[in-house]
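Undergrad: I'd like to ask some things about the structure below.
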Amino acid sequence: MSDVVELTIPVRSDLLVLARLTAAALASRADFGIEDIEDLRLVVEELCLSVVGNETDGTIHLQYTREDGLITVGCSLSREGGSDGRTDGRADGEANAMSLRIIEALVDEYGENMVADRRQAWIRKRRSKVAS
Amino acid sequence: MDLTVEIAEKRIDDVLVETVTGERDVATAPELRERLVAQEADGVLPTVVDLTGVSFIDPTDLGILGTAYRRQQDAGGCLRPAVSEPRILNVPETTDLSKVFSGFAPAGEPVRG
């Protein structure tokens, strides 16, 4: 059994809390421990920032999938009135490197693919064997 | 979950204590930066940034603290963050930002650390 939750938010830093809250709620339902939940909250924020990059408008699309002991989060960006619908909001430089470093340190899998002509970054995090 | 975000300032003896609470992220970081820069403009004081009431912190705020720490060092001052929760400490350790600071003030008695 799995749950799929989709969240769409404008590109606004003060709304990233919604992405974190959703991740925490689903991870809690998947019996993740507090440390795993906190890691996931941080990872989801960094995932959004890595996808948004320097964009200041548009819409962030998040898809959360909860399976037994596993959370998958996909994140993509669409710009309002984008010229060709393709977006690659990845920021250059140190900030993006920091985001990727955090993501890779805290998740089991990280990748990118194309979804509906948009680049999507995704992560998978499994529940630790010993919940803390 | 308390989403209230606040920064409070007080002086204890000759130490400035900036108490930061709530969820700290890219949206709230500018306030912390402005607060620390304004405090430096008023003069260099030993500073403790008390993060024991923080429920979430991302590298943006830690980067701001790191930059303020270096500025304080250059000016002959000092800045120490005070943390208690392992999950808050986990962020600087993951990002190596913990190496920026010479140490963390002990939680509970941050000023005397």
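Note on naming: chains are A, B, ... as they come in the structure tokens, residues start from 1 per chain, ligands start from 1 in the order shown.
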As JSON, numbers by chain, please: every residue in chain A that a backbone DSSP assignment puts in helix (DSSP H, G or I).
TA: {"A": [13, 14, 15, 16, 17, 18, 19, 20, 21, 22, 23, 24, 25, 26, 27, 28, 29, 34, 35, 36, 37, 38, 39, 40, 41, 42, 43, 44, 45, 46, 47, 48, 49, 50, 51, 52, 94, 95, 96, 97, 98, 99, 100, 101, 102, 103, 104, 105, 106]}
Undergrad: Kindly provide, as a ChimeraX atom specification, the residues of chain A having any atom no farther than 12 Å from an atom of chain B, counting only C-alpha atoms.
TA: /A:11-18,20-21,24-25,33-46,48-49,94-106,132
Undergrad: Store the residues of this selection in a file with N, CA and C atoms, as a CSV table (one decimal), in the first residue's frame.
TA:
chain,number,residue,atom,x,y,z
A,11,VAL,N,6.9,29.8,-6.1
A,11,VAL,CA,8.3,30.0,-5.7
A,11,VAL,C,8.4,31.1,-4.7
A,12,ARG,N,8.2,30.8,-3.5
A,12,ARG,CA,8.4,31.8,-2.4
A,12,ARG,C,9.0,31.1,-1.2
A,13,SER,N,10.0,31.7,-0.7
A,13,SER,CA,10.8,31.1,0.4
A,13,SER,C,10.0,30.9,1.6
A,14,ASP,N,9.0,31.7,1.9
A,14,ASP,CA,8.2,31.6,3.1
A,14,ASP,C,7.2,30.4,3.0
A,15,LEU,N,7.1,29.8,1.8
A,15,LEU,CA,6.2,28.7,1.7
A,15,LEU,C,6.9,27.3,1.7
A,16,LEU,N,8.2,27.4,1.7
A,16,LEU,CA,8.9,26.1,1.8
A,16,LEU,C,8.6,25.3,3.0
A,17,VAL,N,8.2,26.0,4.0
A,17,VAL,CA,7.8,25.3,5.3
A,17,VAL,C,6.7,24.3,5.0
A,18,LEU,N,5.8,24.6,4.0
A,18,LEU,CA,4.8,23.6,3.6
A,18,LEU,C,5.4,22.3,3.0
A,20,ARG,N,8.2,21.1,3.8
A,20,ARG,CA,8.8,20.4,5.0
A,20,ARG,C,7.8,19.7,5.8
A,21,LEU,N,6.7,20.5,6.1
A,21,LEU,CA,5.6,19.9,6.9
A,21,LEU,C,5.0,18.7,6.3
A,24,ALA,N,7.4,15.8,6.7
A,24,ALA,CA,7.4,15.3,8.1
A,24,ALA,C,6.1,14.5,8.4
A,25,ALA,N,5.0,15.0,7.9
A,25,ALA,CA,3.8,14.3,8.2
A,25,ALA,C,3.8,12.9,7.6
A,33,GLY,N,11.8,7.5,12.5
A,33,GLY,CA,12.2,8.1,13.7
A,33,GLY,C,12.4,9.6,13.6
A,34,ILE,N,12.6,10.3,14.7
A,34,ILE,CA,12.7,11.7,14.7
A,34,ILE,C,13.9,12.2,13.9
A,35,GLU,N,15.0,11.5,14.0
A,35,GLU,CA,16.2,11.9,13.2
A,35,GLU,C,16.0,11.8,11.7
A,36,ASP,N,15.4,10.7,11.3
A,36,ASP,CA,15.0,10.5,9.9
A,36,ASP,C,14.1,11.6,9.4
A,37,ILE,N,13.1,11.9,10.3
A,37,ILE,CA,12.2,13.0,9.9
A,37,ILE,C,12.9,14.3,9.7
A,38,GLU,N,13.7,14.6,10.7
A,38,GLU,CA,14.5,15.9,10.6
A,38,GLU,C,15.4,15.9,9.4
A,39,ASP,N,16.0,14.8,9.1
A,39,ASP,CA,16.9,14.7,7.9
A,39,ASP,C,16.0,15.0,6.6
A,40,LEU,N,14.8,14.3,6.6
A,40,LEU,CA,14.0,14.5,5.4
A,40,LEU,C,13.5,15.9,5.3
A,41,ARG,N,13.2,16.6,6.4
A,41,ARG,CA,12.7,18.0,6.3
A,41,ARG,C,13.8,18.8,5.6
A,42,LEU,N,15.1,18.6,6.1
A,42,LEU,CA,16.2,19.4,5.5
A,42,LEU,C,16.4,19.0,4.1
A,43,VAL,N,16.3,17.7,3.8
A,43,VAL,CA,16.6,17.3,2.4
A,43,VAL,C,15.5,17.9,1.4
A,44,VAL,N,14.3,17.9,1.9
A,44,VAL,CA,13.2,18.4,1.0
A,44,VAL,C,13.4,19.9,0.7
A,45,GLU,N,13.8,20.6,1.7
A,45,GLU,CA,14.1,22.0,1.5
A,45,GLU,C,15.2,22.2,0.5
A,46,GLU,N,16.3,21.5,0.7
A,46,GLU,CA,17.4,21.6,-0.2
A,46,GLU,C,17.1,21.1,-1.6
A,48,CYS,N,14.2,21.4,-3.0
A,48,CYS,CA,13.4,22.5,-3.6
A,48,CYS,C,14.4,23.6,-4.1
A,49,LEU,N,15.4,24.0,-3.2
A,49,LEU,CA,16.3,25.1,-3.5
A,49,LEU,C,17.2,24.7,-4.7
A,94,GLU,N,28.3,27.7,-5.3
A,94,GLU,CA,28.5,27.1,-3.9
A,94,GLU,C,27.2,26.7,-3.3
A,95,ALA,N,26.1,27.5,-3.5
A,95,ALA,CA,24.8,27.2,-2.9
A,95,ALA,C,24.3,25.8,-3.3
A,96,ASN,N,24.4,25.6,-4.7
A,96,ASN,CA,23.9,24.4,-5.2
A,96,ASN,C,24.7,23.2,-4.8
A,97,ALA,N,26.0,23.4,-4.7
A,97,ALA,CA,26.9,22.4,-4.3
A,97,ALA,C,26.6,22.0,-2.8
A,98,MET,N,26.3,23.0,-2.0
A,98,MET,CA,25.9,22.7,-0.6
A,98,MET,C,24.7,21.9,-0.6
A,99,SER,N,23.7,22.3,-1.4
A,99,SER,CA,22.4,21.5,-1.4
A,99,SER,C,22.6,20.1,-1.7
A,100,LEU,N,23.4,19.8,-2.8
A,100,LEU,CA,23.6,18.5,-3.3
A,100,LEU,C,24.4,17.7,-2.2
A,101,ARG,N,25.3,18.3,-1.6
A,101,ARG,CA,26.1,17.7,-0.6
A,101,ARG,C,25.2,17.2,0.6
A,102,ILE,N,24.3,18.0,1.0
A,102,ILE,CA,23.4,17.6,2.1
A,102,ILE,C,22.5,16.5,1.6
A,103,ILE,N,21.9,16.7,0.4
A,103,ILE,CA,21.0,15.7,-0.1
A,103,ILE,C,21.7,14.3,-0.2
A,104,GLU,N,22.9,14.3,-0.8
A,104,GLU,CA,23.6,13.0,-1.0
A,104,GLU,C,24.0,12.4,0.4
A,105,ALA,N,24.2,13.2,1.4
A,105,ALA,CA,24.6,12.7,2.7
A,105,ALA,C,23.5,12.1,3.4
A,106,LEU,N,22.3,12.5,3.2
A,106,LEU,CA,21.2,12.2,4.0
A,106,LEU,C,20.1,11.3,3.4
A,132,SER,N,14.9,6.2,16.1
A,132,SER,CA,15.4,6.8,17.3
A,132,SER,C,14.3,7.7,18.0
Undergrad: Got a sec: who's within 6 Å of Val73 of chain A, counting only C-alpha atoms, leaving out chain neighbours fewer than 4 positions off, as a ChimeraX atom specification?
TA: /A:63-64,122-123
Undergrad: Counting only C-alpha atoms, which residue out of B:Pro30, B:Pro81, B:Gly76, B:Gly43 sits closest to Val100 of chain B?
TA: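 Residue with the minimum atom-to-atom distance to Val100 of chain B: B:Pro81.
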Undergrad: Taking 3 positions as the minimum chain separation for residues in the same chain, which residues sit within 8 Å of Ile7 of chain B when counting only C-alpha atoms? Answer as a PyMOL selection string.
TA: chain B and resi 18-21+32
Undergrad: Between atom CA of Ala121 of chain A and atom CA of Thr72 of chain A, what distance in Å does the model show, to one decimal?
TA: 10.7 Å
Undergrad: Nearest to Val17 of chain B among B:Pro46, B:Gly53, B:Gly77, B:Gly66, with distances taken over only C-alpha atoms: which residue is it?
TA: B:Pro46
Undergrad: If DSSP is run on the backbone, what residues of chain A are strand (DSSP E or B)? A reply as a PyMOL selection string would be ideal.
TA: chain A and resi 3-10+59-67+70-78+109-115+118-126
Undergrad: Please write the residues from the selection above to a file, keeping N, CA and C atoms, as a short mmCIF file (atom, residue, chain, number, x, y, z; two decimals), in the first residue's frame.
TA:
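And here is the file that came out, part_12.cif:
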data_model
loop_
_atom_site.label_atom_id
_atom_site.label_comp_id
_atom_site.auth_asym_id
_atom_site.auth_seq_id
_atom_site.Cartn_x
_atom_site.Cartn_y
_atom_site.Cartn_z
N ASP A 3 0.83 5.74 -0.38
CA ASP A 3 0.11 7.01 -0.46
C ASP A 3 0.88 7.94 -1.39
N VAL A 4 0.15 8.63 -2.23
CA VAL A 4 0.78 9.63 -3.08
C VAL A 4 0.15 10.98 -2.75
N VAL A 5 0.99 11.93 -2.41
CA VAL A 5 0.53 13.28 -2.07
C VAL A 5 1.23 14.27 -2.99
N GLU A 6 0.45 15.16 -3.57
CA GLU A 6 1.05 16.17 -4.44
C GLU A 6 0.85 17.55 -3.83
N LEU A 7 1.87 18.35 -3.91
CA LEU A 7 1.84 19.70 -3.36
C LEU A 7 2.38 20.66 -4.42
N THR A 8 1.64 21.71 -4.66
CA THR A 8 2.07 22.72 -5.62
C THR A 8 2.10 24.06 -4.89
N ILE A 9 3.25 24.69 -4.94
CA ILE A 9 3.39 25.97 -4.23
C ILE A 9 4.11 26.98 -5.13
N PRO A 10 3.80 28.25 -4.97
CA PRO A 10 4.55 29.26 -5.70
C PRO A 10 6.00 29.29 -5.22
N THR A 59 6.27 27.87 -10.31
CA THR A 59 5.56 26.98 -9.41
C THR A 59 6.41 25.74 -9.13
N ILE A 60 6.48 25.40 -7.88
CA ILE A 60 7.18 24.18 -7.48
C ILE A 60 6.17 23.05 -7.37
N HIS A 61 6.47 21.95 -8.02
CA HIS A 61 5.60 20.77 -7.95
C HIS A 61 6.33 19.69 -7.15
N LEU A 62 5.68 19.23 -6.12
CA LEU A 62 6.26 18.17 -5.29
C LEU A 62 5.33 16.97 -5.28
N GLN A 63 5.92 15.82 -5.46
CA GLN A 63 5.13 14.59 -5.34
C GLN A 63 5.80 13.70 -4.31
N TYR A 64 5.03 13.38 -3.26
CA TYR A 64 5.52 12.53 -2.18
C TYR A 64 4.86 11.17 -2.31
N THR A 65 5.65 10.13 -2.24
CA THR A 65 5.11 8.78 -2.24
C THR A 65 5.57 8.06 -0.99
N ARG A 66 4.59 7.58 -0.24
CA ARG A 66 4.92 6.83 0.98
C ARG A 66 4.62 5.37 0.74
N GLU A 67 5.64 4.56 0.87
CA GLU A 67 5.46 3.11 0.83
C GLU A 67 5.95 2.56 2.15
N LEU A 70 9.48 3.63 3.26
CA LEU A 70 10.19 4.35 2.19
C LEU A 70 9.41 5.59 1.79
N ILE A 71 10.12 6.70 1.71
CA ILE A 71 9.53 7.93 1.22
C ILE A 71 10.28 8.36 -0.04
N THR A 72 9.54 8.65 -1.08
CA THR A 72 10.12 9.19 -2.31
C THR A 72 9.54 10.58 -2.53
N VAL A 73 10.40 11.53 -2.83
CA VAL A 73 9.94 12.90 -3.09
C VAL A 73 10.52 13.35 -4.42
N GLY A 74 9.64 13.77 -5.31
CA GLY A 74 10.08 14.35 -6.58
C GLY A 74 9.76 15.83 -6.59
N CYS A 75 10.64 16.62 -7.17
CA CYS A 75 10.45 18.07 -7.18
C CYS A 75 10.81 18.62 -8.56
N SER A 76 9.90 19.42 -9.11
CA SER A 76 10.18 20.07 -10.39
C SER A 76 9.64 21.49 -10.34
N LEU A 77 10.06 22.25 -11.31
CA LEU A 77 9.70 23.67 -11.36
C LEU A 77 9.10 24.00 -12.71
N SER A 78 8.01 24.74 -12.70
CA SER A 78 7.50 25.28 -13.96
C SER A 78 7.41 26.78 -13.83
N GLU A 109 18.87 7.42 -2.03
CA GLU A 109 19.02 7.57 -3.48
C GLU A 109 18.65 8.98 -3.88
N TYR A 110 19.33 9.47 -4.89
CA TYR A 110 19.05 10.79 -5.43
C TYR A 110 19.22 10.71 -6.94
N GLY A 111 18.34 11.34 -7.68
CA GLY A 111 18.48 11.30 -9.13
C GLY A 111 17.66 12.39 -9.79
N GLU A 112 17.74 12.40 -11.10
CA GLU A 112 16.98 13.35 -11.90
C GLU A 112 16.37 12.62 -13.07
N ASN A 113 15.20 13.08 -13.49
CA ASN A 113 14.59 12.55 -14.71
C ASN A 113 13.70 13.64 -15.29
N MET A 114 13.08 13.32 -16.40
CA MET A 114 12.18 14.27 -17.05
C MET A 114 10.74 13.82 -16.80
N VAL A 115 9.92 14.73 -16.32
CA VAL A 115 8.51 14.46 -16.08
C VAL A 115 7.71 15.58 -16.74
N ARG A 118 9.52 18.49 -17.86
CA ARG A 118 10.24 19.27 -16.85
C ARG A 118 11.28 18.40 -16.19
N ARG A 119 12.42 19.01 -15.86
CA ARG A 119 13.42 18.26 -15.13
C ARG A 119 12.95 18.09 -13.69
N GLN A 120 12.97 16.87 -13.24
CA GLN A 120 12.56 16.59 -11.86
C GLN A 120 13.74 15.99 -11.10
N ALA A 121 14.00 16.54 -9.96
CA ALA A 121 14.98 15.93 -9.06
C ALA A 121 14.21 15.13 -8.02
N TRP A 122 14.75 14.01 -7.65
CA TRP A 122 14.01 13.16 -6.71
C TRP A 122 14.97 12.53 -5.70
N ILE A 123 14.38 12.19 -4.57
CA ILE A 123 15.16 11.50 -3.54
C ILE A 123 14.35 10.32 -3.01
N ARG A 124 15.03 9.35 -2.48
CA ARG A 124 14.37 8.26 -1.74
C ARG A 124 15.08 8.12 -0.40
N LYS A 125 14.27 8.01 0.61
CA LYS A 125 14.84 7.78 1.94
C LYS A 125 14.10 6.64 2.61
N ARG A 126 14.88 5.70 3.08
CA ARG A 126 14.29 4.55 3.78
C ARG A 126 14.32 4.80 5.29
#
Undergrad: Rounded to one decimal place, report the atom CA of Glu9 of chain B-atom CA of Thr52 of chain B distance in Å.
TA: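 For atom CA of Glu9 of chain B relative to atom CA of Thr52 of chain B, the distance reads 14.3 Å.
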Undergrad: Which residues, written as a list in words, have at least one atom at most 9 Å from Arg33 of chain B, with only C-alpha atoms counted and residues fewer than 2 positions away on the same chain left out?
TA: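 In the requested format, the answer is Ala29, Pro30, Glu31, Arg35, Leu36, Val37, Ala38, Asp61, Ile64, Leu65 and Ala68 of chain B.
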Undergrad: State, in Å with one decimal place, the distance from atom CA of Arg79 of chain A to atom CA of Thr22 of chain A.
TA: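 Rounded to one decimal, the two atoms are 22.5 Å apart.
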